[in-house]
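Structure file protein_22.tsv; described as TSV, C-alpha atoms.
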chain	number	residue	atom	x	y	z
A	1236	MET	CA	88.31	118.65	121.68
A	1237	ALA	CA	89.54	122.21	121.16
A	1238	PRO	CA	89.84	123.56	117.62
A	1239	THR	CA	93.24	122.91	116.06
A	1240	THR	CA	95.92	125.40	115.36
A	1241	THR	CA	96.49	125.41	111.62
A	1242	ALA	CA	100.03	124.16	112.18
A	1243	ALA	CA	98.79	120.74	113.35
A	1244	PRO	CA	100.30	117.85	111.37
A	1245	ILE	CA	97.72	116.15	109.15
A	1246	MET	CA	99.51	112.89	108.33
A	1247	THR	CA	102.84	111.14	108.75
A	1248	SER	CA	105.34	110.45	106.01
A	1249	GLN	CA	104.53	106.74	106.30
A	1250	GLN	CA	100.84	107.47	105.72
A	1251	PHE	CA	101.72	109.59	102.70
A	1252	LEU	CA	103.85	106.77	101.29
A	1253	GLN	CA	101.05	104.26	101.84
A	1254	SER	CA	98.57	106.53	100.08
A	1255	TRP	CA	100.97	107.07	97.16
A	1256	GLN	CA	101.65	103.36	96.77
A	1257	GLY	CA	97.90	102.74	96.91
A	1258	HIS	CA	97.47	105.11	93.98
A	1259	ARG	CA	100.36	103.43	92.19
A	1260	ALA	CA	98.68	100.04	92.62
A	1261	LEU	CA	95.58	101.51	90.99
A	1262	THR	CA	97.68	102.88	88.13
A	1263	ARG	CA	99.17	99.39	87.68
A	1264	ARG	CA	95.66	97.94	87.33
A	1265	THR	CA	94.87	100.72	84.84
A	1266	ILE	CA	97.89	99.67	82.74
A	1267	GLU	CA	96.64	96.08	82.88
A	1268	ALA	CA	93.14	97.12	81.79
A	1269	PHE	CA	94.41	98.32	78.39
A	1270	PRO	CA	94.70	95.90	75.46
A	1271	GLU	CA	98.43	95.88	74.67
A	1272	ASP	CA	98.15	97.65	71.32
A	1273	LYS	CA	95.86	100.36	72.72
A	1274	LEU	CA	98.25	100.91	75.64
A	1275	PHE	CA	100.92	102.00	73.17
A	1276	ASN	CA	98.93	103.42	70.26
A	1277	TYR	CA	95.59	104.78	71.43
A	1278	ALA	CA	94.73	108.22	72.78
A	1279	VAL	CA	91.92	110.80	72.67
A	1280	GLY	CA	92.21	114.42	71.52
A	1281	GLY	CA	95.78	114.18	70.21
A	1282	MET	CA	97.16	113.34	73.64
A	1283	ARG	CA	99.84	110.77	74.55
A	1284	PRO	CA	98.95	107.07	74.83
A	1285	PHE	CA	98.66	105.71	78.37
A	1286	SER	CA	102.01	103.89	78.15
A	1287	ALA	CA	103.75	107.26	77.68
A	1288	LEU	CA	101.97	108.67	80.73
A	1289	ALA	CA	102.93	105.60	82.80
A	1290	MET	CA	106.56	105.94	81.66
A	1291	GLU	CA	106.46	109.58	82.76
A	1292	PHE	CA	105.40	108.45	86.25
A	1293	ILE	CA	108.22	105.89	86.34
A	1294	GLY	CA	110.69	108.49	85.11
A	1295	MET	CA	109.77	110.98	87.84
A	1296	ALA	CA	109.42	108.86	90.96
A	1297	VAL	CA	112.91	107.58	91.80
A	1298	PRO	CA	114.89	110.62	90.54
A	1299	THR	CA	112.61	112.84	92.65
A	1300	LEU	CA	113.21	110.75	95.77
A	1301	GLN	CA	116.96	110.68	95.10
A	1302	GLY	CA	116.99	114.47	94.81
A	1303	VAL	CA	114.90	114.81	97.96
A	1304	ILE	CA	117.30	112.59	99.91
A	1305	THR	CA	120.61	113.93	98.56
A	1306	GLY	CA	119.81	117.49	97.48
A	1307	LYS	CA	121.42	116.60	94.13
A	1308	TRP	CA	119.04	116.69	91.18
A	1309	GLU	CA	119.73	114.47	88.19
A	1310	GLN	CA	117.65	114.25	85.04
A	1311	PHE	CA	114.31	112.52	85.03
A	1312	ALA	CA	114.89	108.89	84.14
A	1313	SER	CA	113.92	108.05	80.58
A	1314	ALA	CA	111.79	104.92	80.76
A	1315	LYS	CA	111.30	103.18	77.43
A	1316	ALA	CA	109.20	100.03	77.67
A	1317	THR	CA	107.82	98.68	74.39
A	1318	THR	CA	105.61	95.91	75.77
A	1319	ARG	CA	103.10	95.84	78.60
A	1320	SER	CA	105.00	93.16	80.50
A	1321	GLU	CA	108.21	95.21	80.27
A	1322	LEU	CA	106.32	98.29	81.48
A	1323	LEU	CA	104.87	96.33	84.41
A	1324	ARG	CA	108.32	95.00	85.33
A	1325	MET	CA	109.67	98.56	85.40
A	1326	TRP	CA	106.61	99.60	87.40
A	1327	ASP	CA	107.23	96.93	90.05
A	1328	GLU	CA	110.92	97.76	90.23
A	1329	THR	CA	109.98	101.41	90.85
A	1330	THR	CA	107.54	100.29	93.57
A	1331	ARG	CA	110.36	98.50	95.39
A	1332	GLU	CA	112.75	101.45	94.98
A	1333	ILE	CA	110.17	103.88	96.36
A	1334	ASP	CA	109.65	101.67	99.40
A	1335	ALA	CA	113.41	101.50	99.94
A	1336	LEU	CA	114.13	105.21	99.38
A	1337	PHE	CA	111.21	106.94	101.07
A	1338	PRO	CA	112.19	106.07	104.68
A	1339	LYS	CA	115.63	107.60	104.00
A	1340	ILE	CA	114.15	111.09	103.71
A	1341	PRO	CA	115.30	113.06	106.79
A	1342	ALA	CA	112.33	114.19	108.90
A	1343	ALA	CA	113.25	117.87	108.68
A	1344	ARG	CA	113.54	117.67	104.88
A	1345	PHE	CA	109.78	117.71	104.17
A	1346	GLN	CA	109.52	121.36	105.19
A	1347	GLU	CA	112.68	122.51	103.40
A	1348	VAL	CA	112.42	124.51	100.18
A	1349	ASP	CA	114.60	123.25	97.34
A	1350	THR	CA	114.79	123.84	93.58
A	1351	ALA	CA	113.94	120.42	92.22
A	1352	PHE	CA	115.78	119.48	89.03
A	1353	GLY	CA	117.14	123.05	88.91
A	1354	GLN	CA	113.67	124.29	87.91
A	1355	TRP	CA	110.90	123.95	90.47
A	1356	LYS	CA	111.39	125.85	93.71
A	1357	MET	CA	108.98	124.54	96.33
A	1358	PRO	CA	108.81	122.83	99.71
A	1359	ILE	CA	109.65	119.12	99.54
A	1360	TYR	CA	106.21	118.02	100.81
A	1361	ASP	CA	104.68	119.98	97.95
A	1362	LEU	CA	107.04	118.39	95.41
A	1363	LEU	CA	106.05	114.92	96.66
A	1364	LEU	CA	102.38	115.89	96.40
A	1365	TYR	CA	103.05	117.08	92.85
A	1366	VAL	CA	104.48	113.74	91.74
A	1367	ARG	CA	101.53	111.94	93.32
A	1368	ASP	CA	98.94	114.38	91.92
A	1369	ASN	CA	100.43	114.28	88.43
A	1370	GLU	CA	99.84	110.53	88.38
A	1371	ILE	CA	96.22	110.89	89.59
A	1372	HIS	CA	95.62	113.58	86.94
A	1373	HIS	CA	96.97	111.57	84.02
A	1374	ARG	CA	95.50	108.28	85.21
A	1375	GLY	CA	92.10	110.00	85.12
A	1376	GLN	CA	92.84	110.68	81.46
A	1377	GLY	CA	93.60	106.99	80.96
A	1378	TYR	CA	90.14	106.25	82.37
A	1379	VAL	CA	88.63	108.31	79.53
A	1380	TYR	CA	90.68	106.37	76.98
A	1381	LEU	CA	89.37	103.11	78.47
A	1382	ARG	CA	85.74	104.34	78.47
A	1383	ALA	CA	86.10	105.51	74.87
A	1384	LEU	CA	87.33	101.96	74.07
A	1385	GLY	CA	84.28	100.48	75.82
A	1386	ILE	CA	86.41	99.11	78.68
A	1387	GLU	CA	85.38	99.49	82.35
A	1388	PRO	CA	88.30	101.08	84.30
A	1389	PRO	CA	89.28	99.76	87.74
A	1390	HIS	CA	87.33	101.26	90.68
A	1391	PHE	CA	88.89	104.57	91.69
A	1392	TRP	CA	88.26	103.92	95.39
A	1393	GLU	CA	90.13	100.58	95.45
A	1394	ARG	CA	93.80	101.06	96.27
B	1377	MET	CA	120.52	115.05	109.15
B	1378	ALA	CA	119.56	111.65	110.53
B	1379	PRO	CA	117.09	109.52	108.60
B	1380	THR	CA	113.52	110.09	109.68
B	1381	THR	CA	111.30	107.78	111.60
B	1382	THR	CA	108.34	106.93	109.40
B	1383	ALA	CA	106.05	108.62	111.92
B	1384	ALA	CA	107.45	112.07	111.07
B	1385	PRO	CA	104.74	114.56	110.05
B	1386	ILE	CA	104.94	115.42	106.35
B	1387	MET	CA	102.77	118.57	106.24
B	1388	THR	CA	100.48	120.66	108.40
B	1389	SER	CA	96.73	120.93	108.04
B	1390	GLN	CA	97.17	124.51	106.82
B	1391	GLN	CA	99.53	123.31	104.07
B	1392	PHE	CA	97.02	120.64	103.07
B	1393	LEU	CA	94.25	123.23	102.88
B	1394	GLN	CA	96.42	125.53	100.77
B	1395	SER	CA	97.22	122.67	98.37
B	1396	TRP	CA	93.55	121.68	98.13
B	1397	GLN	CA	92.43	125.25	97.45
B	1398	GLY	CA	95.20	125.52	94.84
B	1399	HIS	CA	93.72	122.51	93.07
B	1400	ARG	CA	90.26	124.00	93.42
B	1401	ALA	CA	91.44	127.22	91.76
B	1402	LEU	CA	92.72	125.12	88.86
B	1403	THR	CA	89.37	123.32	88.63
B	1404	ARG	CA	87.66	126.72	88.53
B	1405	ARG	CA	89.82	127.72	85.56
B	1406	THR	CA	88.96	124.38	83.92
B	1407	ILE	CA	85.23	125.18	84.29
B	1408	GLU	CA	85.90	128.57	82.69
B	1409	ALA	CA	87.79	126.96	79.80
B	1410	PHE	CA	84.66	125.14	78.57
B	1411	PRO	CA	82.23	126.83	76.20
B	1412	GLU	CA	78.98	127.02	78.18
B	1413	ASP	CA	77.06	124.49	76.09
B	1414	LYS	CA	79.93	121.97	76.14
B	1415	LEU	CA	80.25	122.34	79.91
B	1416	PHE	CA	76.72	120.97	80.29
B	1417	ASN	CA	76.31	118.71	77.24
B	1418	TYR	CA	79.67	117.35	76.09
B	1419	ALA	CA	81.54	114.27	77.27
B	1420	VAL	CA	83.73	111.48	75.86
B	1421	GLY	CA	83.08	107.74	76.12
B	1422	GLY	CA	79.58	107.99	77.59
B	1423	MET	CA	80.87	109.76	80.71
B	1424	ARG	CA	79.30	112.70	82.56
B	1425	PRO	CA	79.77	116.28	81.28
B	1426	PHE	CA	82.27	118.38	83.23
B	1427	SER	CA	79.51	120.41	84.91
B	1428	ALA	CA	78.24	117.20	86.57
B	1429	LEU	CA	81.77	116.39	87.80
B	1430	ALA	CA	82.19	119.93	89.17
B	1431	MET	CA	78.82	119.70	90.92
B	1432	GLU	CA	79.97	116.42	92.47
B	1433	PHE	CA	83.02	118.23	93.91
B	1434	ILE	CA	80.80	121.00	95.30
B	1435	GLY	CA	78.41	118.43	96.74
B	1436	MET	CA	81.17	116.58	98.59
B	1437	ALA	CA	83.36	119.32	100.03
B	1438	VAL	CA	81.30	121.09	102.67
B	1439	PRO	CA	79.27	118.05	103.86
B	1440	THR	CA	82.57	116.18	104.29
B	1441	LEU	CA	84.06	118.98	106.38
B	1442	GLN	CA	80.87	119.25	108.46
B	1443	GLY	CA	81.03	115.52	109.15
B	1444	VAL	CA	84.72	115.73	110.00
B	1445	ILE	CA	84.10	118.57	112.46
B	1446	THR	CA	80.92	117.29	114.11
B	1447	GLY	CA	81.08	113.49	113.63
B	1448	LYS	CA	77.54	113.74	112.20
B	1449	TRP	CA	77.27	112.73	108.55
B	1450	GLU	CA	74.53	114.25	106.43
B	1451	GLN	CA	73.86	113.51	102.77
B	1452	PHE	CA	76.12	114.87	100.09
B	1453	ALA	CA	74.72	118.21	99.03
B	1454	SER	CA	72.94	118.13	95.71
B	1455	ALA	CA	74.33	120.98	93.63
B	1456	LYS	CA	72.22	121.84	90.59
B	1457	ALA	CA	73.60	124.73	88.58
B	1458	THR	CA	72.23	125.13	85.06
B	1459	THR	CA	74.51	127.93	83.83
B	1460	ARG	CA	78.25	128.43	84.06
B	1461	SER	CA	77.93	131.65	86.05
B	1462	GLU	CA	75.64	129.90	88.56
B	1463	LEU	CA	78.14	127.04	88.83
B	1464	LEU	CA	81.00	129.49	89.41
B	1465	ARG	CA	78.99	131.31	92.09
B	1466	MET	CA	78.41	128.00	93.90
B	1467	TRP	CA	82.09	127.19	93.45
B	1468	ASP	CA	83.19	130.44	95.07
B	1469	GLU	CA	80.71	130.04	97.92
B	1470	THR	CA	82.18	126.56	98.56
B	1471	THR	CA	85.69	128.04	98.52
B	1472	ARG	CA	84.71	130.47	101.28
B	1473	GLU	CA	82.98	127.76	103.32
B	1474	ILE	CA	86.03	125.47	103.10
B	1475	ASP	CA	88.28	128.29	104.33
B	1476	ALA	CA	85.91	128.93	107.22
B	1477	LEU	CA	85.34	125.28	108.20
B	1478	PHE	CA	88.78	123.71	107.79
B	1479	PRO	CA	90.45	125.50	110.75
B	1480	LYS	CA	87.63	124.19	112.99
B	1481	ILE	CA	88.83	120.60	112.61
B	1482	PRO	CA	90.29	119.53	115.99
B	1483	ALA	CA	93.99	118.65	115.67
B	1484	ALA	CA	93.50	115.11	117.01
B	1485	ARG	CA	90.70	114.44	114.53
B	1486	PHE	CA	92.94	113.89	111.49
B	1487	GLN	CA	94.16	110.56	112.87
B	1488	GLU	CA	90.76	109.33	114.06
B	1489	VAL	CA	88.94	106.62	112.12
B	1490	ASP	CA	85.29	107.38	111.34
B	1491	THR	CA	82.66	105.96	109.01
B	1492	ALA	CA	82.03	108.86	106.68
B	1493	PHE	CA	78.43	109.20	105.51
B	1494	GLY	CA	77.70	105.84	107.18
B	1495	GLN	CA	79.64	104.07	104.43
B	1496	TRP	CA	83.37	104.75	104.22
B	1497	LYS	CA	85.42	103.71	107.24
B	1498	MET	CA	88.83	105.37	107.12
B	1499	PRO	CA	91.09	107.81	108.95
B	1500	ILE	CA	90.00	111.43	108.53
B	1501	TYR	CA	93.26	112.47	106.81
B	1502	ASP	CA	92.60	109.74	104.24
B	1503	LEU	CA	89.02	110.93	103.71
B	1504	LEU	CA	90.27	114.47	103.09
B	1505	LEU	CA	92.84	113.13	100.63
B	1506	TYR	CA	90.05	111.20	98.91
B	1507	VAL	CA	87.94	114.31	98.33
B	1508	ARG	CA	90.99	116.15	96.99
B	1509	ASP	CA	92.13	113.21	94.83
B	1510	ASN	CA	88.66	112.62	93.41
B	1511	GLU	CA	88.70	116.19	92.09
B	1512	ILE	CA	92.18	115.78	90.53
B	1513	HIS	CA	91.08	112.50	88.92
B	1514	HIS	CA	87.90	113.88	87.35
B	1515	ARG	CA	89.47	117.20	86.40
B	1516	GLY	CA	92.04	115.19	84.42
B	1517	GLN	CA	89.06	113.75	82.55
B	1518	GLY	CA	87.82	117.27	81.87
B	1519	TYR	CA	91.22	117.98	80.30
B	1520	VAL	CA	90.58	115.19	77.79
B	1521	TYR	CA	87.16	116.67	76.96
B	1522	LEU	CA	88.83	120.05	76.34
B	1523	ARG	CA	91.57	118.50	74.17
B	1524	ALA	CA	88.97	116.56	72.18
B	1525	LEU	CA	87.20	119.91	71.62
B	1526	GLY	CA	90.47	121.46	70.42
B	1527	ILE	CA	90.74	123.67	73.52
B	1528	GLU	CA	94.01	124.07	75.45
B	1529	PRO	CA	93.39	123.27	79.15
B	1530	PRO	CA	94.90	125.45	81.91
B	1531	HIS	CA	98.46	124.50	82.97
B	1532	PHE	CA	98.34	121.68	85.51
B	1533	TRP	CA	101.22	123.13	87.49
B	1534	GLU	CA	99.60	126.57	88.01
B	1535	ARG	CA	97.53	126.64	91.19
Starting from the file, lay out its structure as structure tokens.
Amino acid sequence: MAPTTTAAPIMTSQQFLQSWQGHRALTRRTIEAFPEDKLFNYAVGGMRPFSALAMEFIGMAVPTLQGVITGKWEQFASAKATTRSELLRMWDETTREIDALFPKIPAARFQEVDTAFGQWKMPIYDLLLYVRDNEIHHRGQGYVYLRALGIEPPHFWER
Amino acid sequence: MAPTTTAAPIMTSQQFLQSWQGHRALTRRTIEAFPEDKLFNYAVGGMRPFSALAMEFIGMAVPTLQGVITGKWEQFASAKATTRSELLRMWDETTREIDALFPKIPAARFQEVDTAFGQWKMPIYDLLLYVRDNEIHHRGQGYVYLRALGIEPPHFWER
């Protein structure tokens, strides 16, 4: 095979979605790994408890996709679960909404530059990466909380 | 615009590389944020110190790209820096090697399935995501170490 031009596509939007949902499934198992009280009250180094991080992910996902699809940027949603089961219900609802919304993104949209939520000017593919990467970043922090509690986190490579 | 087919490309290989190197620049600043002794000796919850995580990233990057390009999988490289400046030198050398190797990946290769290092059977784009995601995951853990040490980590959104 000849060397690629650097403009070669690396993955499809469907593959990106599948990868993102795989990460989200891992985050769900991370939520489940916490004892309920520690999920809401425990953190290391003055940081936020893992429930607050998970609610941030929920609050970003659907409003981001809605902005990507419509070009209209609303506020981040303000998720406010107070129990693990409520958090998991919101998580699963978000999973379904992502699956429903993602295929509605017009193909040409991924390469467009937009100012997301009136603040972050970047190409849409980069915004979608950001939402995904932010979850990986903070979930890694949840792994430290679990280790500090003596709890084995779920395997990172299982999605 | 019409809704996309799910097979629409989401980003080019060049955009992926740029995003990965942006993350790597952030990891470099995270290495620099640690006091030298803490970089090599400090961790939370019985985990590895951040220098060991950074050396894992260095050990994976170039051997992965060599395997992607040639289809021959060697061992992960075994990076063994004992000072921060040595670690940063190895980091920068890896940065240059990634920039040199990545454009040599044949365009059709990203969608091929291979068994990386004789162990991990997956499409090449997914393997490249894995290497990138593994760094984001562990760097997030380094952020907790820094917070626990009372040190402000670099901004996640600056690449």
Considering only C-alpha atoms, state which residue in the set A:Gly1294, A:Gly1306, A:Pro1284, A:Gly1385 is at the smallest distance from chain B.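 The closest residue to chain B is A:Gly1385.
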All Cα atoms, paired in order, least squares: that's the fit I need for chain B onto chain A, output as a short mmCIF file (atom, residue, chain, number, x, y, z; two decimals) with C-alpha atoms, in the coordinates of the input.
data_model
loop_
_atom_site.label_atom_id
_atom_site.label_comp_id
_atom_site.auth_asym_id
_atom_site.auth_seq_id
_atom_site.Cartn_x
_atom_site.Cartn_y
_atom_site.Cartn_z
CA MET B 1377 88.29 118.64 121.64
CA ALA B 1378 89.61 122.17 121.14
CA PRO B 1379 89.88 123.54 117.62
CA THR B 1380 93.26 122.91 116.07
CA THR B 1381 95.96 125.38 115.34
CA THR B 1382 96.52 125.41 111.60
CA ALA B 1383 100.06 124.15 112.18
CA ALA B 1384 98.80 120.75 113.35
CA PRO B 1385 100.30 117.84 111.38
CA ILE B 1386 97.72 116.16 109.16
CA MET B 1387 99.51 112.88 108.34
CA THR B 1388 102.85 111.15 108.77
CA SER B 1389 105.35 110.45 106.02
CA GLN B 1390 104.54 106.74 106.32
CA GLN B 1391 100.84 107.48 105.74
CA PHE B 1392 101.72 109.59 102.71
CA LEU B 1393 103.85 106.78 101.30
CA GLN B 1394 101.05 104.26 101.86
CA SER B 1395 98.56 106.54 100.07
CA TRP B 1396 100.97 107.10 97.17
CA GLN B 1397 101.65 103.38 96.77
CA GLY B 1398 97.89 102.76 96.92
CA HIS B 1399 97.47 105.12 93.97
CA ARG B 1400 100.36 103.43 92.21
CA ALA B 1401 98.68 100.04 92.62
CA LEU B 1402 95.57 101.51 90.99
CA THR B 1403 97.67 102.88 88.12
CA ARG B 1404 99.17 99.41 87.69
CA ARG B 1405 95.67 97.94 87.34
CA THR B 1406 94.86 100.71 84.83
CA ILE B 1407 97.89 99.67 82.73
CA GLU B 1408 96.64 96.08 82.88
CA ALA B 1409 93.15 97.13 81.79
CA PHE B 1410 94.40 98.31 78.37
CA PRO B 1411 94.71 95.89 75.47
CA GLU B 1412 98.43 95.86 74.67
CA ASP B 1413 98.16 97.64 71.32
CA LYS B 1414 95.87 100.36 72.72
CA LEU B 1415 98.25 100.92 75.63
CA PHE B 1416 100.94 102.00 73.17
CA ASN B 1417 98.94 103.43 70.24
CA TYR B 1418 95.59 104.79 71.42
CA ALA B 1419 94.74 108.23 72.79
CA VAL B 1420 91.93 110.80 72.65
CA GLY B 1421 92.22 114.42 71.51
CA GLY B 1422 95.78 114.19 70.20
CA MET B 1423 97.14 113.33 73.66
CA ARG B 1424 99.82 110.78 74.56
CA PRO B 1425 98.95 107.06 74.83
CA PHE B 1426 98.67 105.72 78.38
CA SER B 1427 102.01 103.89 78.14
CA ALA B 1428 103.76 107.27 77.67
CA LEU B 1429 101.96 108.67 80.74
CA ALA B 1430 102.93 105.61 82.80
CA MET B 1431 106.54 105.93 81.66
CA GLU B 1432 106.45 109.57 82.75
CA PHE B 1433 105.39 108.45 86.25
CA ILE B 1434 108.22 105.89 86.35
CA GLY B 1435 110.69 108.49 85.11
CA MET B 1436 109.77 110.97 87.84
CA ALA B 1437 109.43 108.87 90.98
CA VAL B 1438 112.89 107.58 91.82
CA PRO B 1439 114.88 110.61 90.54
CA THR B 1440 112.60 112.83 92.65
CA LEU B 1441 113.22 110.76 95.77
CA GLN B 1442 116.97 110.68 95.10
CA GLY B 1443 116.97 114.47 94.81
CA VAL B 1444 114.90 114.81 97.97
CA ILE B 1445 117.30 112.59 99.91
CA THR B 1446 120.60 113.91 98.59
CA GLY B 1447 119.80 117.49 97.47
CA LYS B 1448 121.41 116.58 94.13
CA TRP B 1449 119.02 116.67 91.18
CA GLU B 1450 119.71 114.45 88.20
CA GLN B 1451 117.63 114.24 85.03
CA PHE B 1452 114.29 112.50 85.04
CA ALA B 1453 114.90 108.89 84.13
CA SER B 1454 113.92 108.02 80.60
CA ALA B 1455 111.77 104.91 80.78
CA LYS B 1456 111.31 103.16 77.43
CA ALA B 1457 109.21 100.02 77.66
CA THR B 1458 107.84 98.68 74.38
CA THR B 1459 105.62 95.89 75.74
CA ARG B 1460 103.11 95.82 78.57
CA SER B 1461 105.00 93.14 80.49
CA GLU B 1462 108.21 95.21 80.25
CA LEU B 1463 106.31 98.27 81.47
CA LEU B 1464 104.86 96.31 84.40
CA ARG B 1465 108.32 94.99 85.31
CA MET B 1466 109.66 98.56 85.39
CA TRP B 1467 106.61 99.59 87.40
CA ASP B 1468 107.23 96.93 90.04
CA GLU B 1469 110.93 97.75 90.23
CA THR B 1470 109.97 101.41 90.86
CA THR B 1471 107.54 100.30 93.57
CA ARG B 1472 110.36 98.50 95.38
CA GLU B 1473 112.75 101.44 94.98
CA ILE B 1474 110.17 103.89 96.37
CA ASP B 1475 109.65 101.66 99.42
CA ALA B 1476 113.40 101.50 99.95
CA LEU B 1477 114.13 105.21 99.39
CA PHE B 1478 111.21 106.96 101.08
CA PRO B 1479 112.18 106.08 104.69
CA LYS B 1480 115.63 107.61 104.01
CA ILE B 1481 114.16 111.10 103.72
CA PRO B 1482 115.31 113.07 106.81
CA ALA B 1483 112.32 114.20 108.90
CA ALA B 1484 113.25 117.89 108.66
CA ARG B 1485 113.53 117.69 104.88
CA PHE B 1486 109.78 117.72 104.17
CA GLN B 1487 109.52 121.38 105.18
CA GLU B 1488 112.68 122.53 103.40
CA VAL B 1489 112.41 124.52 100.17
CA ASP B 1490 114.60 123.26 97.32
CA THR B 1491 114.78 123.84 93.58
CA ALA B 1492 113.93 120.42 92.22
CA PHE B 1493 115.77 119.48 89.03
CA GLY B 1494 117.12 123.06 88.90
CA GLN B 1495 113.67 124.30 87.91
CA TRP B 1496 110.89 123.95 90.46
CA LYS B 1497 111.36 125.86 93.71
CA MET B 1498 108.97 124.54 96.34
CA PRO B 1499 108.81 122.83 99.73
CA ILE B 1500 109.66 119.12 99.54
CA TYR B 1501 106.22 118.02 100.82
CA ASP B 1502 104.68 119.99 97.95
CA LEU B 1503 107.03 118.38 95.42
CA LEU B 1504 106.04 114.93 96.67
CA LEU B 1505 102.37 115.89 96.41
CA TYR B 1506 103.04 117.09 92.86
CA VAL B 1507 104.47 113.74 91.75
CA ARG B 1508 101.52 111.94 93.33
CA ASP B 1509 98.94 114.38 91.92
CA ASN B 1510 100.43 114.29 88.44
CA GLU B 1511 99.84 110.53 88.39
CA ILE B 1512 96.21 110.89 89.58
CA HIS B 1513 95.60 113.58 86.95
CA HIS B 1514 96.97 111.57 84.02
CA ARG B 1515 95.50 108.29 85.21
CA GLY B 1516 92.09 110.01 85.12
CA GLN B 1517 92.84 110.68 81.45
CA GLY B 1518 93.61 107.00 80.96
CA TYR B 1519 90.14 106.26 82.36
CA VAL B 1520 88.63 108.31 79.53
CA TYR B 1521 90.68 106.36 76.97
CA LEU B 1522 89.37 103.10 78.48
CA ARG B 1523 85.76 104.35 78.48
CA ALA B 1524 86.10 105.51 74.87
CA LEU B 1525 87.32 101.97 74.06
CA GLY B 1526 84.28 100.50 75.83
CA ILE B 1527 86.41 99.12 78.68
CA GLU B 1528 85.39 99.49 82.34
CA PRO B 1529 88.29 101.08 84.29
CA PRO B 1530 89.28 99.76 87.74
CA HIS B 1531 87.34 101.26 90.68
CA PHE B 1532 88.89 104.58 91.70
CA TRP B 1533 88.29 103.91 95.37
CA GLU B 1534 90.14 100.55 95.43
CA ARG B 1535 93.82 101.04 96.24
#
Using 8 Å as the limit and counting all atoms listed in the file, can you tabulate each residue of chain B that touches chain A, with its shortest atom-to-atom distance in Å and the two atoms involved, as a Markdown table?
| residue | atom | partner | partner_atom | distance |
| --- | --- | --- | --- | --- |
| B:Met1377 | CA | A:Pro1341 | CA | 6.1 |
| B:Ala1378 | CA | A:Pro1341 | CA | 5.8 |
| B:Pro1379 | CA | A:Pro1341 | CA | 4.4 |
| B:Thr1380 | CA | A:Ala1342 | CA | 4.3 |
| B:Thr1381 | CA | A:Ala1342 | CA | 7.0 |
| B:Thr1382 | CA | A:Gln1249 | CA | 4.9 |
| B:Ala1383 | CA | A:Thr1247 | CA | 5.2 |
| B:Ala1384 | CA | A:Thr1247 | CA | 5.2 |
| B:Pro1385 | CA | A:Thr1247 | CA | 4.1 |
| B:Ile1386 | CA | A:Ser1248 | CA | 5.0 |
| B:Met1387 | CA | A:Pro1244 | CA | 5.7 |
| B:Thr1388 | CA | A:Pro1244 | CA | 4.1 |
| B:Ser1389 | CA | A:Ile1245 | CA | 5.0 |
| B:Gln1390 | CA | A:Thr1241 | CA | 4.9 |
| B:Phe1392 | CA | A:Ile1245 | CA | 7.6 |
| B:Ser1395 | CA | A:Asp1361 | CA | 7.9 |
| B:Val1420 | CA | A:Ala1383 | CA | 6.5 |
| B:Gly1421 | CA | A:Ala1383 | CA | 4.0 |
| B:Gly1422 | CA | A:Arg1382 | CA | 7.2 |
| B:Met1423 | CA | A:Arg1382 | CA | 7.6 |
| B:Pro1479 | CA | A:Thr1241 | CA | 6.1 |
| B:Lys1480 | CA | A:Pro1238 | CA | 5.2 |
| B:Ile1481 | CA | A:Pro1238 | CA | 5.9 |
| B:Pro1482 | CA | A:Pro1238 | CA | 4.4 |
| B:Ala1483 | CA | A:Thr1239 | CA | 4.3 |
| B:Ala1484 | CA | A:Met1236 | CA | 7.8 |
| B:Phe1486 | CA | A:Ile1245 | CA | 5.8 |
| B:Gln1487 | CA | A:Met1246 | CA | 7.4 |
| B:Tyr1501 | CA | A:Ile1245 | CA | 6.2 |
| B:Asp1502 | CA | A:Ser1254 | CA | 8.0 |
| B:Asp1509 | CA | A:Ile1371 | CA | 7.0 |
| B:Ile1512 | CA | A:His1372 | CA | 5.4 |
| B:His1513 | CA | A:Gly1375 | CA | 4.7 |
| B:His1514 | CA | A:Gly1375 | CA | 6.1 |
| B:Arg1515 | CA | A:His1372 | CA | 7.2 |
| B:Gly1516 | CA | A:His1372 | CA | 4.7 |
| B:Gln1517 | CA | A:Gln1376 | CA | 5.0 |
| B:Tyr1519 | CA | A:Gln1376 | CA | 7.6 |
| B:Val1520 | CA | A:Gln1376 | CA | 6.2 |
| B:Tyr1521 | CA | A:Gly1280 | CA | 7.8 |
| B:Arg1523 | CA | A:Gly1280 | CA | 4.9 |
| B:Ala1524 | CA | A:Gly1280 | CA | 3.9 |
| B:Leu1525 | CA | A:Gly1280 | CA | 7.4 |
| B:Gly1526 | CA | A:Gly1280 | CA | 7.3 |
One decimal, Å: what's the distance from atom CA of Lys1497 of chain B over to atom CA of Ala1455 of chain B, could you say? 24.6 Å
Please compute the atom CA of Val1366 of chain A-atom CA of Phe1275 of chain A distance, one decimal, in Å.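 Atom CA of Phe1275 of chain A lies at a distance of 22.3 Å from atom CA of Val1366 of chain A.
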At most 9 Å from (96.9, 124.4, 81.7), file frame, all atoms listed in the file: which residues, as an MDAnalysis selection string? chainID B and resid 1402 1405:1406 1519 1528:1534
Between B:Phe1426, B:Phe1493, B:Tyr1418, B:Trp1449, which one has atoms that come closest to Thr1403 of chain B, using all atoms listed in the file? B:Phe1426
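Our summary of the geometry notes that atom CA of Gln1301 of chain A is positioned 28.7 Å from atom CA of Leu1274 of chain A.
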Closest of A:Ala1289, A:Lys1273, A:Thr1350, A:Leu1336 to Ala1316 of chain A - atom-to-atom distances counting only C-alpha atoms: A:Ala1289
Which polymer residues have any atom within 12 Å of an atom of Glu1332 of chain A, counting all atoms listed in the file, with same-chain residues fewer than 6 positions away left out, as a VMD selection string? chain A and resid 1256 1293 1296 to 1301 1325 to 1326 1338 to 1339
